[in-house]
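Okay, so here's the structure we're looking at.
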Amino acid sequence: MTPVIDIRDVWKTYDLGETQVHALRGVSLQILPNEYVAIMGPSGSGKSTLMNMLGCLDTPTSGHYEFRGQNVAEMSDNELARVRNKELGFVFQSFNLLARSTTLRNVELPLIYAGLSPEDRHEKALKACEQVGLGNRWKHRPNELSGGQRQRVAIARALVNNPSLILADEPTGNLDSRTGEEIMALFEDLHRLGNTIVIVTHEDDIAAHAHRKLRLFDGQIVEDTLTDKGQAHKSKSR
Amino acid sequence: MKYALRELIRFRFELYESFRIAIEQVMQHKTRAALTALGVMIGVLAVTLMGTAVGGIDKGFNDSLALFGKDVFYVGRWPWADVGSDWRYYRRRPRFDFDDAQRINQIIAQTPDSVLEMAVSRDDRYRTVRFEKNSIEGTRIVGTSSTYPLVSPMELDEGRFFSEHEDASGTRVVVLGYDVAEVLFPSVSPIGKNVVIHNQPFEVVGILARQGSFMGMFSMDEVVVVPQKASPSARWDHRDVDIMIKMREGADKNAAYSEIEGAVRRVRGLMPEADNDFEINRTELIEAQLGPVKQGVTVAGLFITGLSLFVGAIGIMNITFVAVRERTKEIGTRRAIGAPRRAILTQFLVEAVFICLIGGAVGLGFSYILQELGKNIMPMFPLVFSWKLMLIAVCASVATGILSGFAPALAASRLDPAEALRHD
């Protein structure tokens, strides 16, 4: 099985004039299809850098990165945009929705850059809305929706292109705990449907929803374990 | 090939999206958009008004050329130019008389292969014209012969021009200019009525059709035409007569000029070594005088246009930079979900162009209203508003938008997506 993510000895160095900051120092990581991974770590641990790397928003200074067998490290800016558009779905802490646009239009947005016709966009976006439980809310604007509903719009937008990897950066960070649980339940559903999910978080109880937990410290992976759920899942599938 | 086609379709959707965003943004920041568009609006207003004015001058000039009659030379003491301090010299030149036209006609008749057709004499007086209680002071009284319509084209609104017989006998008949007839006879037909010119009764035989005029100059609407022997000037010794000479259609102007020169010199009895003591004026001379006026309007218009478009462009550049700053996070989000750099560049360029187009459209609207008002206030000045001007206005707006939006749009497209996402 081709891994979705295959990173080997990746370094990311920021050149700040006099000093050099090593945000990632020799990270290696494989993520297989339908894995559910949580990335944890304190601020400054290189968590965001790794996240940007996985999301093809950034390329490594050195090392090897293959996304579903495609060499990302050597891609041009346009090729990276294409990969993000086709293979990746982003979910952000602050939702990052277009404030003046309806749910449907927000969800459609990736499909515009994919070059789909308005009819196809409409159909796919409606399906994605349904999938996240927003069925009848596709005419609403973000300011007419609750926080949980907004995050559902963002998740629908991430799903609409049928991506190989859903990348969520603190997806519950702006939500109260009950709504957060609802969103995590939605991620679990998506995982069960076969999606590959990576969640970046600093909360243990959120990470506990995932099946595999990575801990980052000082630019290196210091822990890579199965969570309780992961253990249970593994024993069940055996 | 297939790839290029798919890219084109993609770009089309991106373009739609960009226009949609542009409309949303303008609706959201109405005041900002209006203030930004002001510079472009003034620029387009200036360029269209300038074009309208130049077009008007051209049209007015061509119209008045028609009033002068094509292929007509005007022989007289004075040149059609500013003589400055030389006026004493011209004033000392001997005058022409009514008979001189007849003599020139005889010479034309004797010349084999003459390129000239006919000479007609004409002189002007300014006198009061009255009918019952209505009168016009200082009306231009043109004394001429019955052949005048052959040289100076004119249409009659009513009645007829005076006949050869009336001309020869000096019968007191008159053809009224359109405006003169309007003022003197507001309610009744003037034909057959007697008007009083300089205390003499004249029977109205005809009315000229409306000719219009060019900025109040050269109009035949405000004159009356009488046989020269009946003119008030006929009994004056120092009348100052012009001789209009028409050349044959299609003849060479220079040949006509030299033939006229020879004929007039013969009439004047000039020795071969003597200088001309007369002037042969042509309509080209007026055109030459009009040139600098047109040029002045054009230069002033272009200057104002350029300046306001420049100021407008700076405003739009500034506001687009602000928009890019404000919406950095949105740019990051769009990049993250797969917008290529080109899409971001297009988006902000389209926004800038859109604002310019609004400014251009409003400017065009204003200039249309202004020229409609102008038509009512100054009916004498023909204004010409054309599709060409609209096209120029639209092009100027789009060009301003692209030039001013390019730097900020490029900056937006070059933002690092990861950093843009972190922006608040």
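By convention in this document, the chains of the structure tokens carry letters A, B, ... by their order, each chain's residues are numbered from 1, and ligands are numbered from 1 in the order they are shown.
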
*Using only C-alpha atoms, which chain B residues lie at most 10 Å away from chain A, written as a PyMOL selection string?*
chain B and resi 6-17+21+24-25+28+329-330+332-343+416-419+421

*Would you list the contacts of Gln102 (chain B) as a PyMOL selection string, taking every protein, DNA or RNA residue within 12 Å and counting only C-alpha atoms, but skipping same-chain residues closer than 2 positions in sequence?*
chain B and resi 96-100+104-109+118-122+144-145+147+243-245+263-264+267

Let me see the file: selected residues, C-alpha atoms, as a PDB file, in the first residue's frame.
ATOM      1  CA  PHE B  96     -13.827  97.491 -54.744  1.00  0.00           C
ATOM      2  CA  ASP B  97     -17.148  98.468 -56.226  1.00  0.00           C
ATOM      3  CA  PHE B  98     -20.215  96.527 -57.341  1.00  0.00           C
ATOM      4  CA  ASP B  99     -19.226  96.872 -61.006  1.00  0.00           C
ATOM      5  CA  ASP B 100     -15.897  95.131 -60.422  1.00  0.00           C
ATOM      6  CA  ILE B 104     -14.335  90.071 -63.700  1.00  0.00           C
ATOM      7  CA  ASN B 105     -17.234  88.102 -65.182  1.00  0.00           C
ATOM      8  CA  GLN B 106     -16.442  89.644 -68.572  1.00  0.00           C
ATOM      9  CA  ILE B 107     -12.808  88.596 -68.258  1.00  0.00           C
ATOM     10  CA  ILE B 108     -13.869  85.062 -67.306  1.00  0.00           C
ATOM     11  CA  ALA B 109     -16.111  84.946 -70.380  1.00  0.00           C
ATOM     12  CA  MET B 118     -18.708  83.389 -61.705  1.00  0.00           C
ATOM     13  CA  ALA B 119     -18.015  86.469 -59.616  1.00  0.00           C
ATOM     14  CA  VAL B 120     -20.614  88.092 -57.385  1.00  0.00           C
ATOM     15  CA  SER B 121     -20.170  91.306 -55.470  1.00  0.00           C
ATOM     16  CA  ARG B 122     -21.469  91.802 -51.992  1.00  0.00           C
ATOM     17  CA  THR B 144     -25.718  91.725 -53.686  1.00  0.00           C
ATOM     18  CA  SER B 145     -26.918  90.583 -57.079  1.00  0.00           C
ATOM     19  CA  THR B 147     -26.702  85.494 -58.876  1.00  0.00           C
ATOM     20  CA  ILE B 243     -16.157  89.923 -54.510  1.00  0.00           C
ATOM     21  CA  MET B 244     -16.985  86.248 -54.216  1.00  0.00           C
ATOM     22  CA  ILE B 245     -15.546  84.173 -57.035  1.00  0.00           C
ATOM     23  CA  ALA B 263      -8.234  89.005 -63.577  1.00  0.00           C
ATOM     24  CA  VAL B 264      -8.357  91.250 -60.526  1.00  0.00           C
ATOM     25  CA  VAL B 267      -9.619  95.159 -63.291  1.00  0.00           C
TER      26      VAL B 267
END

*When DSSP works through the backbone of this structure, what residues of region 28-233 of chain A end up as alpha helix (DSSP H), shown as a PyMOL selection string?*
chain A and resi 47-54+77-87+103-114+118-131+147-159+177-192+204-207+228-233

Write the residues you've just listed into a file as an mmCIF file, in the first residue's frame, and include C-alpha atoms for each of them.
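What landed in out-v4.cif:
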data_model
loop_
_atom_site.group_PDB
_atom_site.id
_atom_site.type_symbol
_atom_site.label_atom_id
_atom_site.label_comp_id
_atom_site.auth_asym_id
_atom_site.auth_seq_id
_atom_site.Cartn_x
_atom_site.Cartn_y
_atom_site.Cartn_z
ATOM 1 C CA LYS A 47 4.195 21.425 15.039
ATOM 2 C CA SER A 48 3.010 24.180 12.668
ATOM 3 C CA THR A 49 5.981 23.723 10.382
ATOM 4 C CA LEU A 50 5.264 20.010 10.084
ATOM 5 C CA MET A 51 1.629 20.791 9.504
ATOM 6 C CA ASN A 52 2.487 23.248 6.680
ATOM 7 C CA MET A 53 4.826 20.667 5.228
ATOM 8 C CA LEU A 54 2.193 17.932 5.272
ATOM 9 C CA ASP A 77 4.332 26.652 -6.683
ATOM 10 C CA ASN A 78 1.581 25.880 -9.200
ATOM 11 C CA GLU A 79 2.023 22.139 -8.834
ATOM 12 C CA LEU A 80 1.791 22.485 -5.061
ATOM 13 C CA ALA A 81 -1.434 24.454 -5.477
ATOM 14 C CA ARG A 82 -2.762 21.672 -7.683
ATOM 15 C CA VAL A 83 -1.891 19.020 -5.061
ATOM 16 C CA ARG A 84 -3.538 21.073 -2.289
ATOM 17 C CA ASN A 85 -6.593 21.488 -4.460
ATOM 18 C CA LYS A 86 -6.981 17.838 -5.444
ATOM 19 C CA GLU A 87 -5.474 15.840 -2.592
ATOM 20 C CA THR A 103 -22.517 27.961 2.976
ATOM 21 C CA LEU A 104 -22.883 26.524 -0.484
ATOM 22 C CA ARG A 105 -20.486 29.026 -2.030
ATOM 23 C CA ASN A 106 -17.922 28.472 0.706
ATOM 24 C CA VAL A 107 -18.067 24.748 0.141
ATOM 25 C CA GLU A 108 -17.849 25.193 -3.632
ATOM 26 C CA LEU A 109 -14.702 27.305 -3.490
ATOM 27 C CA PRO A 110 -12.093 24.526 -4.022
ATOM 28 C CA LEU A 111 -14.077 23.288 -7.010
ATOM 29 C CA ILE A 112 -13.830 26.705 -8.695
ATOM 30 C CA TYR A 113 -10.050 26.394 -8.648
ATOM 31 C CA ALA A 114 -10.415 22.798 -9.848
ATOM 32 C CA PRO A 118 -21.260 25.451 -11.931
ATOM 33 C CA GLU A 119 -23.656 22.492 -12.152
ATOM 34 C CA ASP A 120 -21.036 19.972 -11.006
ATOM 35 C CA ARG A 121 -19.908 22.315 -8.241
ATOM 36 C CA HIS A 122 -23.417 22.718 -6.996
ATOM 37 C CA GLU A 123 -24.084 19.020 -6.909
ATOM 38 C CA LYS A 124 -20.858 18.075 -5.132
ATOM 39 C CA ALA A 125 -21.156 20.902 -2.619
ATOM 40 C CA LEU A 126 -24.696 19.906 -1.693
ATOM 41 C CA LYS A 127 -23.528 16.337 -1.174
ATOM 42 C CA ALA A 128 -20.689 17.482 1.082
ATOM 43 C CA CYS A 129 -23.103 19.656 3.084
ATOM 44 C CA GLU A 130 -25.327 16.654 3.581
ATOM 45 C CA GLN A 131 -22.391 14.543 4.680
ATOM 46 C CA GLY A 147 -19.593 27.945 15.800
ATOM 47 C CA GLY A 148 -20.135 24.224 15.414
ATOM 48 C CA GLN A 149 -22.087 24.747 12.219
ATOM 49 C CA ARG A 150 -19.364 26.988 10.843
ATOM 50 C CA GLN A 151 -16.772 24.305 11.483
ATOM 51 C CA ARG A 152 -19.054 21.843 9.711
ATOM 52 C CA VAL A 153 -19.063 24.189 6.690
ATOM 53 C CA ALA A 154 -15.278 24.209 6.796
ATOM 54 C CA ILE A 155 -15.202 20.413 7.010
ATOM 55 C CA ALA A 156 -17.623 20.159 4.085
ATOM 56 C CA ARG A 157 -15.288 22.462 2.126
ATOM 57 C CA ALA A 158 -12.370 20.157 3.021
ATOM 58 C CA LEU A 159 -14.331 17.097 1.903
ATOM 59 C CA SER A 177 -16.299 21.374 24.785
ATOM 60 C CA ARG A 178 -19.708 19.980 23.878
ATOM 61 C CA THR A 179 -19.594 21.332 20.317
ATOM 62 C CA GLY A 180 -15.972 20.150 20.176
ATOM 63 C CA GLU A 181 -17.112 16.630 20.968
ATOM 64 C CA GLU A 182 -19.705 16.822 18.183
ATOM 65 C CA ILE A 183 -17.040 17.853 15.695
ATOM 66 C CA MET A 184 -14.745 15.061 16.885
ATOM 67 C CA ALA A 185 -17.603 12.605 16.430
ATOM 68 C CA LEU A 186 -17.936 13.892 12.861
ATOM 69 C CA PHE A 187 -14.218 13.251 12.275
ATOM 70 C CA GLU A 188 -14.678 9.733 13.604
ATOM 71 C CA ASP A 189 -17.505 9.184 11.120
ATOM 72 C CA LEU A 190 -15.317 10.444 8.311
ATOM 73 C CA HIS A 191 -12.522 8.139 9.411
ATOM 74 C CA ARG A 192 -14.893 5.207 9.479
ATOM 75 C CA ASP A 204 -4.913 15.276 25.273
ATOM 76 C CA ASP A 205 -8.624 14.464 25.242
ATOM 77 C CA ILE A 206 -8.886 15.605 21.623
ATOM 78 C CA ALA A 207 -5.823 13.573 20.692
ATOM 79 C CA ASP A 228 -6.288 3.352 23.460
ATOM 80 C CA LYS A 229 -8.682 3.639 20.551
ATOM 81 C CA GLY A 230 -5.929 2.667 18.191
ATOM 82 C CA GLN A 231 -5.142 -0.403 20.303
ATOM 83 C CA ALA A 232 -8.786 -1.401 20.403
ATOM 84 C CA HIS A 233 -9.159 -0.847 16.639
#

*Å distance separating CA of Thr36 (chain B) from CA of Val350 (chain B), one decimal place*: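 Taking CA of Thr36 (chain B) as the start and CA of Val350 (chain B) as the end point, the length is 14.7 Å.
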
*For region 278-284 of chain B, list every protein, DNA or RNA residue within 6 Å, evaluated using only C-alpha atoms, and leave out those in the same chain fewer than 3 positions away; present the list as a count of residues only.*
7

_Shell around Gly194 (chain A) at 12 Å using only C-alpha atoms, local window under 4 positions removed, as a PyMOL selection string_ = chain A and resi 32-36+162-166+187-190

*Do you have the CA of Trp11 (chain A)-CA of Gly63 (chain A) distance handy?*
6.1 Å

Could you name the residues that touch Thr2 (chain A) at 10 Å or less, counting only C-alpha atoms, but leaving out those on the same chain fewer than 3 positions away, as a JSON list (two decimals) with C-alpha atoms, in the first residue's frame?
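What ended up in out_38.json:
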[["chain", "number", "residue", "atom", "x", "y", "z"],
["A", 5, "ILE", "CA", 2.60, 10.64, 3.48],
["A", 6, "ASP", "CA", 6.16, 9.47, 3.25],
["A", 30, "GLN", "CA", 4.82, 7.50, 7.19],
["A", 31, "ILE", "CA", 1.06, 7.80, 7.22],
["A", 32, "LEU", "CA", -0.94, 5.06, 5.51],
["A", 33, "PRO", "CA", -4.38, 5.43, 3.97],
["A", 66, "GLU", "CA", 6.46, 12.00, -1.15],
["A", 67, "PHE", "CA", 2.72, 12.57, -1.16],
["A", 68, "ARG", "CA", 1.05, 9.46, -2.57],
["A", 69, "GLY", "CA", 4.18, 8.71, -4.47]]
